[in-house]
Amino acid sequence: MTTSPVPETSTLRRLAALSLAVVVLTTGGVAATRSSSAAARTAAPRAAATPTTPPAAYPNPGRVTGDVGVHDPTIVVRPGGGYLVAHTGDNIALKTSADRIAFRNAGTVFPNGAPWTTPYTGGSRNLWAPDLSYRDGRYWLYYSASTFGSNRSAIFLATSTTGASGSWTDQGLVIESRTSDTFNAIDPNLVVDAAGRWWLSFGSFWSGIKMVALNPATGKRSDTTLRSIAGRNGGAIEAPVIARHGNYYYLWVSFDRCCQGAASTYRVMVGRSTSVTGPYVDRNGVPMTAGGGTQVLAGHGGIHGPGHQAVFTDTDAEVLTYHYYADNGTSLLGINLLGYDGAGWPFVY
């Protein structure tokens, strides 16, 4: 059993929060398990408590143990309790946890391979940046197929009623990009807005972060409109995640460079909008389509290049998950909790 090299946070409040072992879905509970009923869509889910005073410095990731070597992690609360993790790896890697601390290997989504993806991966089995949620009695998994530095890419959808390795049915292609396109179809994220409409954000470099509307019955595109919601004029921006808190939709992205071990410069940025389709602006009012973004987490001490974040609401707090690199270049699971200051801007604790 391996353990993250990061020291534990010393406060009792944080230790208690990160030691949650039993998941109870309460009113305003888990965002990823909202039903499609009108009642469940009337308000954003709220955590049990939300601090309003940020710490003086970035905290270290919370304590995690076991199989915590991940890249591009996404976590969902399981309807029967515990957690399911999917992350980049051969045939999409899976992990499980009972308590959000101890994690174990749970196989892969496609143990027999995913040959339909190899035209985009050059034959590699390595599939990227999954996005996992649980809705309407099923797990929904959007995932990417590409090669490094290319925008000949595709996003696919798979579903499962159990989430177990080998139980997944691939539902086919959602969107692809070609070398002649100005966008890159990787890093998907599903969001359901307050009206119950489904949207998929995605993108990496090129002209930035895009969004398409989805049909909730199929999880596939419902029209041909391609919206632009963030960009850095071709610069390093990727890994969008949209999560609702209060009256705002928050667009989380990663700026700068991933995948360079301890030399990685990834950092977690955010903007917000009252509409799921934008416009998103940062704390200073700069549009995210013009390079705006408010920094929420960056490298510090032995934590290098934190990014490719995901956000979910648990019963104790809103939770930010991500990967980071240790001093030796190993990519590890990072978990922190989210608070919101008096102006409604998020911070990690």
# chains A, B, ... in the order shown; residues from 1 in each chain; ligands from 1
>>> residues_around(residues="Trp199 (chain A)", least_positions_apart="4", cutoff="6 Å", atoms="only C-alpha atoms", output="PyMOL selection string")
chain A and resi 190-191+212-214
>>> write_last_selection(atoms="N, CA, C and O atoms", output="PDB file, in the first residue's frame")
ATOM      1  N   LEU A 190     -19.761  17.059 -18.490  1.00  0.00           N
ATOM      2  CA  LEU A 190     -21.214  17.190 -18.559  1.00  0.00           C
ATOM      3  C   LEU A 190     -21.713  18.075 -17.430  1.00  0.00           C
ATOM      4  O   LEU A 190     -21.334  17.905 -16.271  1.00  0.00           O
ATOM      5  N   VAL A 191     -22.593  19.020 -17.767  1.00  0.00           N
ATOM      6  CA  VAL A 191     -23.286  19.812 -16.760  1.00  0.00           C
ATOM      7  C   VAL A 191     -24.760  19.845 -17.114  1.00  0.00           C
ATOM      8  O   VAL A 191     -25.124  19.920 -18.287  1.00  0.00           O
ATOM      9  N   VAL A 212     -21.352  22.328 -26.349  1.00  0.00           N
ATOM     10  CA  VAL A 212     -22.442  21.884 -27.217  1.00  0.00           C
ATOM     11  C   VAL A 212     -23.608  21.439 -26.356  1.00  0.00           C
ATOM     12  O   VAL A 212     -23.430  21.005 -25.203  1.00  0.00           O
ATOM     13  N   ALA A 213     -24.809  21.550 -26.893  1.00  0.00           N
ATOM     14  CA  ALA A 213     -26.019  21.083 -26.229  1.00  0.00           C
ATOM     15  C   ALA A 213     -26.188  19.587 -26.466  1.00  0.00           C
ATOM     16  O   ALA A 213     -25.845  19.066 -27.530  1.00  0.00           O
ATOM     17  N   LEU A 214     -26.726  18.889 -25.454  1.00  0.00           N
ATOM     18  CA  LEU A 214     -26.936  17.453 -25.534  1.00  0.00           C
ATOM     19  C   LEU A 214     -28.411  17.103 -25.373  1.00  0.00           C
ATOM     20  O   LEU A 214     -29.173  17.832 -24.723  1.00  0.00           O
TER      21      LEU A 214
END
>>> residues_around(residues="His71 (chain A)", least_positions_apart="6", cutoff="6 Å", atoms="only C-alpha atoms", output="JSON list (two decimals) with N, CA, C and O atoms, in the first residue's frame")
[["chain", "number", "residue", "atom", "x", "y", "z"],
["A", 87, "HIS", "N", -10.05, 7.67, -14.36],
["A", 87, "HIS", "CA", -8.94, 8.55, -14.71],
["A", 87, "HIS", "C", -8.24, 8.05, -15.96],
["A", 87, "HIS", "O", -8.45, 6.90, -16.40],
["A", 88, "THR", "N", -7.44, 8.90, -16.54],
["A", 88, "THR", "CA", -6.69, 8.56, -17.74],
["A", 88, "THR", "C", -5.88, 7.29, -17.53],
["A", 88, "THR", "O", -5.24, 7.11, -16.48],
["A", 323, "HIS", "N", -5.12, 16.23, -10.18],
["A", 323, "HIS", "CA", -3.85, 15.54, -10.03],
["A", 323, "HIS", "C", -2.75, 16.59, -9.82],
["A", 323, "HIS", "O", -2.90, 17.75, -10.19]]
>>> closest_residue(among="A:Val192, A:Ala102, A:Ala317, A:Ala326", to="Gly301 (chain A)", atoms="only C-alpha atoms")
A:Ala326
>>> residues_around(residues="Pro216 (chain A)", least_positions_apart="3", cutoff="10 Å", atoms="only C-alpha atoms", output="MDAnalysis selection string")
chainID A and resid 36 135:136 192 196:199 213 219:222
>>> write_last_selection(atoms="N, CA, C and O atoms", output="PDB file, in the first residue's frame")
ATOM      1  N   SER A  36     -33.841  14.005 -12.621  1.00  0.00           N
ATOM      2  CA  SER A  36     -34.302  14.935 -13.642  1.00  0.00           C
ATOM      3  C   SER A  36     -35.634  15.558 -13.274  1.00  0.00           C
ATOM      4  O   SER A  36     -36.249  16.236 -14.084  1.00  0.00           O
ATOM      5  N   ARG A 135     -26.645   9.737 -13.144  1.00  0.00           N
ATOM      6  CA  ARG A 135     -27.934  10.385 -13.366  1.00  0.00           C
ATOM      7  C   ARG A 135     -28.924   9.358 -13.895  1.00  0.00           C
ATOM      8  O   ARG A 135     -28.578   8.500 -14.706  1.00  0.00           O
ATOM      9  N   ASP A 136     -30.151   9.499 -13.411  1.00  0.00           N
ATOM     10  CA  ASP A 136     -31.248   8.694 -13.937  1.00  0.00           C
ATOM     11  C   ASP A 136     -30.934   7.193 -13.914  1.00  0.00           C
ATOM     12  O   ASP A 136     -31.231   6.451 -14.848  1.00  0.00           O
ATOM     13  N   VAL A 192     -25.610  19.746 -16.095  1.00  0.00           N
ATOM     14  CA  VAL A 192     -27.053  19.884 -16.261  1.00  0.00           C
ATOM     15  C   VAL A 192     -27.463  21.191 -15.603  1.00  0.00           C
ATOM     16  O   VAL A 192     -27.189  21.407 -14.418  1.00  0.00           O
ATOM     17  N   GLY A 196     -32.723  21.819 -16.329  1.00  0.00           N
ATOM     18  CA  GLY A 196     -32.643  20.419 -16.713  1.00  0.00           C
ATOM     19  C   GLY A 196     -32.033  20.168 -18.070  1.00  0.00           C
ATOM     20  O   GLY A 196     -32.034  19.032 -18.550  1.00  0.00           O
ATOM     21  N   ARG A 197     -31.484  21.195 -18.705  1.00  0.00           N
ATOM     22  CA  ARG A 197     -30.854  21.019 -20.011  1.00  0.00           C
ATOM     23  C   ARG A 197     -29.437  20.492 -19.836  1.00  0.00           C
ATOM     24  O   ARG A 197     -28.729  20.891 -18.918  1.00  0.00           O
ATOM     25  N   TRP A 198     -29.034  19.624 -20.763  1.00  0.00           N
ATOM     26  CA  TRP A 198     -27.713  19.001 -20.703  1.00  0.00           C
ATOM     27  C   TRP A 198     -26.756  19.716 -21.645  1.00  0.00           C
ATOM     28  O   TRP A 198     -27.107  20.033 -22.786  1.00  0.00           O
ATOM     29  N   TRP A 199     -25.517  19.904 -21.179  1.00  0.00           N
ATOM     30  CA  TRP A 199     -24.484  20.575 -21.956  1.00  0.00           C
ATOM     31  C   TRP A 199     -23.164  19.841 -21.766  1.00  0.00           C
ATOM     32  O   TRP A 199     -22.877  19.315 -20.689  1.00  0.00           O
ATOM     33  N   ALA A 213     -24.809  21.550 -26.893  1.00  0.00           N
ATOM     34  CA  ALA A 213     -26.019  21.083 -26.229  1.00  0.00           C
ATOM     35  C   ALA A 213     -26.188  19.587 -26.466  1.00  0.00           C
ATOM     36  O   ALA A 213     -25.845  19.066 -27.530  1.00  0.00           O
ATOM     37  N   GLY A 219     -27.602  11.476 -24.446  1.00  0.00           N
ATOM     38  CA  GLY A 219     -26.280  11.983 -24.100  1.00  0.00           C
ATOM     39  C   GLY A 219     -25.492  12.463 -25.296  1.00  0.00           C
ATOM     40  O   GLY A 219     -24.322  12.826 -25.163  1.00  0.00           O
ATOM     41  N   LYS A 220     -26.098  12.491 -26.462  1.00  0.00           N
ATOM     42  CA  LYS A 220     -25.447  12.934 -27.700  1.00  0.00           C
ATOM     43  C   LYS A 220     -25.896  14.358 -28.051  1.00  0.00           C
ATOM     44  O   LYS A 220     -26.835  14.897 -27.449  1.00  0.00           O
ATOM     45  N   ARG A 221     -25.289  14.942 -29.055  1.00  0.00           N
ATOM     46  CA  ARG A 221     -25.595  16.315 -29.441  1.00  0.00           C
ATOM     47  C   ARG A 221     -27.050  16.461 -29.884  1.00  0.00           C
ATOM     48  O   ARG A 221     -27.603  15.602 -30.575  1.00  0.00           O
ATOM     49  N   SER A 222     -27.638  17.596 -29.498  1.00  0.00           N
ATOM     50  CA  SER A 222     -29.022  17.870 -29.868  1.00  0.00           C
ATOM     51  C   SER A 222     -29.138  18.891 -30.988  1.00  0.00           C
ATOM     52  O   SER A 222     -30.220  19.084 -31.544  1.00  0.00           O
TER      53      SER A 222
END
>>> atom_distance(atom1="CA of His304 (chain A)", atom2="CA of Arg244 (chain A)")
27.5 Å
>>> residues_around(residues="Leu94 (chain A)", least_positions_apart="3", cutoff="7 Å", atoms="only C-alpha atoms", output="mmCIF file with all heavy atoms, in the first residue's frame")
data_model
loop_
_atom_site.group_PDB
_atom_site.id
_atom_site.type_symbol
_atom_site.label_atom_id
_atom_site.label_comp_id
_atom_site.auth_asym_id
_atom_site.auth_seq_id
_atom_site.Cartn_x
_atom_site.Cartn_y
_atom_site.Cartn_z
ATOM 1 N N VAL A 85 -14.021 6.361 -8.950
ATOM 2 C CA VAL A 85 -13.058 7.235 -9.626
ATOM 3 C C VAL A 85 -12.783 6.676 -11.013
ATOM 4 O O VAL A 85 -12.629 5.465 -11.187
ATOM 5 C CB VAL A 85 -11.731 7.298 -8.836
ATOM 6 C CG1 VAL A 85 -10.740 8.238 -9.524
ATOM 7 C CG2 VAL A 85 -11.975 7.708 -7.398
ATOM 8 N N ALA A 86 -12.712 7.557 -12.002
ATOM 9 C CA ALA A 86 -12.200 7.194 -13.325
ATOM 10 C C ALA A 86 -11.071 8.155 -13.652
ATOM 11 O O ALA A 86 -11.114 9.324 -13.265
ATOM 12 C CB ALA A 86 -13.300 7.273 -14.374
ATOM 13 N N HIS A 87 -10.048 7.673 -14.360
ATOM 14 C CA HIS A 87 -8.940 8.553 -14.714
ATOM 15 C C HIS A 87 -8.244 8.046 -15.963
ATOM 16 O O HIS A 87 -8.454 6.896 -16.404
ATOM 17 C CB HIS A 87 -7.953 8.723 -13.552
ATOM 18 C CG HIS A 87 -7.265 7.481 -13.101
ATOM 19 N ND1 HIS A 87 -6.048 7.081 -13.600
ATOM 20 C CD2 HIS A 87 -7.615 6.542 -12.185
ATOM 21 C CE1 HIS A 87 -5.662 5.968 -13.006
ATOM 22 N NE2 HIS A 87 -6.602 5.610 -12.149
ATOM 23 N N ASN A 105 -7.575 -0.118 -6.582
ATOM 24 C CA ASN A 105 -7.769 -0.363 -8.005
ATOM 25 C C ASN A 105 -9.064 -1.133 -8.233
ATOM 26 O O ASN A 105 -9.374 -2.067 -7.496
ATOM 27 C CB ASN A 105 -6.579 -1.163 -8.538
ATOM 28 C CG ASN A 105 -6.635 -1.341 -10.045
ATOM 29 O OD1 ASN A 105 -7.532 -1.999 -10.560
ATOM 30 N ND2 ASN A 105 -5.669 -0.795 -10.743
ATOM 31 N N ALA A 106 -9.826 -0.726 -9.257
ATOM 32 C CA ALA A 106 -11.078 -1.407 -9.585
ATOM 33 C C ALA A 106 -11.124 -1.815 -11.054
ATOM 34 O O ALA A 106 -12.204 -1.930 -11.642
ATOM 35 C CB ALA A 106 -12.267 -0.528 -9.224
ATOM 36 N N GLY A 107 -9.973 -2.000 -11.667
ATOM 37 C CA GLY A 107 -9.935 -2.467 -13.036
ATOM 38 C C GLY A 107 -10.061 -1.336 -14.039
ATOM 39 O O GLY A 107 -9.681 -0.193 -13.771
ATOM 40 N N THR A 108 -10.613 -1.655 -15.199
ATOM 41 C CA THR A 108 -10.761 -0.670 -16.264
ATOM 42 C C THR A 108 -12.181 -0.693 -16.814
ATOM 43 O O THR A 108 -12.912 -1.677 -16.662
ATOM 44 C CB THR A 108 -9.776 -0.936 -17.413
ATOM 45 O OG1 THR A 108 -10.099 -2.188 -18.024
ATOM 46 C CG2 THR A 108 -8.339 -0.951 -16.930
ATOM 47 N N VAL A 109 -12.541 0.389 -17.476
ATOM 48 C CA VAL A 109 -13.865 0.476 -18.081
ATOM 49 C C VAL A 109 -14.020 -0.563 -19.184
ATOM 50 O O VAL A 109 -15.042 -1.252 -19.274
ATOM 51 C CB VAL A 109 -14.100 1.897 -18.636
ATOM 52 C CG1 VAL A 109 -15.371 1.949 -19.493
ATOM 53 C CG2 VAL A 109 -14.206 2.900 -17.494
#
>>> closest_atom_pairs(of="region 40-133 of chain A", to="region 158-161 of chain A", cutoff="12 Å", atoms="only C-alpha atoms", output="tab-separated table")
residue	atom	partner	partner_atom	distance
A:Arg78	CA	A:Thr161	CA	10.9
A:Pro79	CA	A:Thr161	CA	10.7
A:Asn91	CA	A:Ala158	CA	11.8
A:Ile92	CA	A:Ala158	CA	11.0
A:Val109	CA	A:Ala158	CA	8.8
A:Phe110	CA	A:Ala158	CA	9.8
A:Ala114	CA	A:Ala158	CA	10.9
A:Pro130	CA	A:Ala158	CA	10.1
A:Asp131	CA	A:Ala158	CA	10.3
A:Leu132	CA	A:Thr159	CA	9.6
A:Ser133	CA	A:Thr159	CA	9.8
>>> write_last_selection(atoms="C-alpha atoms", output="PDB file, in the first residue's frame")
ATOM      1  CA  ARG A  78     -22.167   6.199  -5.591  1.00  0.00           C
ATOM      2  CA  PRO A  79     -25.905   5.909  -4.900  1.00  0.00           C
ATOM      3  CA  ASN A  91      -8.903   1.518 -21.475  1.00  0.00           C
ATOM      4  CA  ILE A  92      -9.842   4.111 -18.772  1.00  0.00           C
ATOM      5  CA  VAL A 109     -13.865   0.476 -18.081  1.00  0.00           C
ATOM      6  CA  PHE A 110     -13.054  -1.600 -21.165  1.00  0.00           C
ATOM      7  CA  ALA A 114     -11.807  -0.098 -27.130  1.00  0.00           C
ATOM      8  CA  PRO A 130     -12.858  10.873 -18.449  1.00  0.00           C
ATOM      9  CA  ASP A 131     -15.838  12.720 -16.979  1.00  0.00           C
ATOM     10  CA  LEU A 132     -17.978  10.620 -14.646  1.00  0.00           C
ATOM     11  CA  SER A 133     -21.476  11.325 -13.321  1.00  0.00           C
TER      12      SER A 133
END
>>> select_by_dssp(residues="region 96-275 of chain A", states="alpha helix (DSSP H)", output="list in words")
Thr118, Pro119, Tyr120 and Thr121 of chain A
>>> write_last_selection(atoms="N, CA, C and O atoms", output="PDB file, in the first residue's frame")
ATOM      1  N   THR A 118      -9.047   3.596 -31.651  1.00  0.00           N
ATOM      2  CA  THR A 118      -7.664   3.583 -32.131  1.00  0.00           C
ATOM      3  C   THR A 118      -7.406   4.442 -33.365  1.00  0.00           C
ATOM      4  O   THR A 118      -6.265   4.885 -33.551  1.00  0.00           O
ATOM      5  N   PRO A 119      -8.409   4.751 -34.219  1.00  0.00           N
ATOM      6  CA  PRO A 119      -8.127   5.695 -35.298  1.00  0.00           C
ATOM      7  C   PRO A 119      -7.686   7.078 -34.801  1.00  0.00           C
ATOM      8  O   PRO A 119      -7.026   7.821 -35.525  1.00  0.00           O
ATOM      9  N   TYR A 120      -8.031   7.393 -33.545  1.00  0.00           N
ATOM     10  CA  TYR A 120      -7.659   8.693 -32.977  1.00  0.00           C
ATOM     11  C   TYR A 120      -6.417   8.599 -32.091  1.00  0.00           C
ATOM     12  O   TYR A 120      -5.787   9.623 -31.805  1.00  0.00           O
ATOM     13  N   THR A 121      -6.078   7.395 -31.622  1.00  0.00           N
ATOM     14  CA  THR A 121      -4.964   7.232 -30.674  1.00  0.00           C
ATOM     15  C   THR A 121      -3.708   6.683 -31.321  1.00  0.00           C
ATOM     16  O   THR A 121      -2.706   6.467 -30.630  1.00  0.00           O
TER      17      THR A 121
END
>>> closest_residue(among="A:Asn336, A:Thr96, A:Ser144, A:Thr50", to="Ile186 (chain A)", atoms="only C-alpha atoms")
A:Ser144
>>> closest_residue(among="A:Ala98, A:Val348, A:Leu320, A:Val270", to="Ile335 (chain A)", atoms="only C-alpha atoms")
A:Leu320
>>> atom_distance(atom1="CA of Tyr249 (chain A)", atom2="CA of Gly344 (chain A)")
11.1 Å
>>> residues_around(residues="Ser177 (chain A)", least_positions_apart="6", cutoff="6 Å", atoms="only C-alpha atoms", output="PDB file with N, CA, C and O atoms, in the first residue's frame")
ATOM      1  N   ARG A 152      -6.564  15.937 -33.870  1.00  0.00           N
ATOM      2  CA  ARG A 152      -7.346  14.859 -34.466  1.00  0.00           C
ATOM      3  C   ARG A 152      -7.819  14.001 -33.306  1.00  0.00           C
ATOM      4  O   ARG A 152      -7.133  13.071 -32.856  1.00  0.00           O
ATOM      5  N   SER A 153      -8.987  14.357 -32.771  1.00  0.00           N
ATOM      6  CA  SER A 153      -9.424  13.867 -31.472  1.00  0.00           C
ATOM      7  C   SER A 153     -10.911  13.547 -31.490  1.00  0.00           C
ATOM      8  O   SER A 153     -11.645  13.989 -32.382  1.00  0.00           O
ATOM      9  N   ASN A 184     -10.140  21.457 -30.249  1.00  0.00           N
ATOM     10  CA  ASN A 184      -9.635  20.122 -29.952  1.00  0.00           C
ATOM     11  C   ASN A 184     -10.646  19.389 -29.081  1.00  0.00           C
ATOM     12  O   ASN A 184     -10.930  19.813 -27.951  1.00  0.00           O
ATOM     13  N   ALA A 185     -11.218  18.309 -29.596  1.00  0.00           N
ATOM     14  CA  ALA A 185     -12.298  17.590 -28.916  1.00  0.00           C
ATOM     15  C   ALA A 185     -11.752  16.596 -27.894  1.00  0.00           C
ATOM     16  O   ALA A 185     -11.804  15.379 -28.076  1.00  0.00           O
TER      17      ALA A 185
END
>>> atom_distance(atom1="CA of Thr74 (chain A)", atom2="CA of Thr330 (chain A)")
18.0 Å
>>> residues_around(residues="Ser201 (chain A)", least_positions_apart="6", cutoff="12 Å", atoms="only C-alpha atoms", output="number ranges by chain")
A: 131, 142, 155, 174-175, 183-192, 208-214, 221, 226-230, 238-243, 251-253, 276-278
>>> closest_residue(among="A:Tyr83, A:Trp116, A:Tyr349, A:Phe312", to="Arg100 (chain A)", atoms="only C-alpha atoms")
A:Tyr83
>>> closest_residue(among="A:His300, A:Asn328, A:Leu337, A:Ser275", to="Asp316 (chain A)", atoms="only C-alpha atoms")
A:Leu337
>>> select_by_dssp(residues="region 100-299 of chain A", states="strand (DSSP E)", output="ChimeraX atom specification")
/A:102-108,126-135,138-145,153-160,169-177,189-192,198-202,209-214,227-230,237-245,248-255,267-273,294-297
>>> residues_around(residues="Gln309 (chain A)", least_positions_apart="2", cutoff="7 Å", atoms="only C-alpha atoms", output="VMD selection string")
chain A and resid 307 311 320 to 322
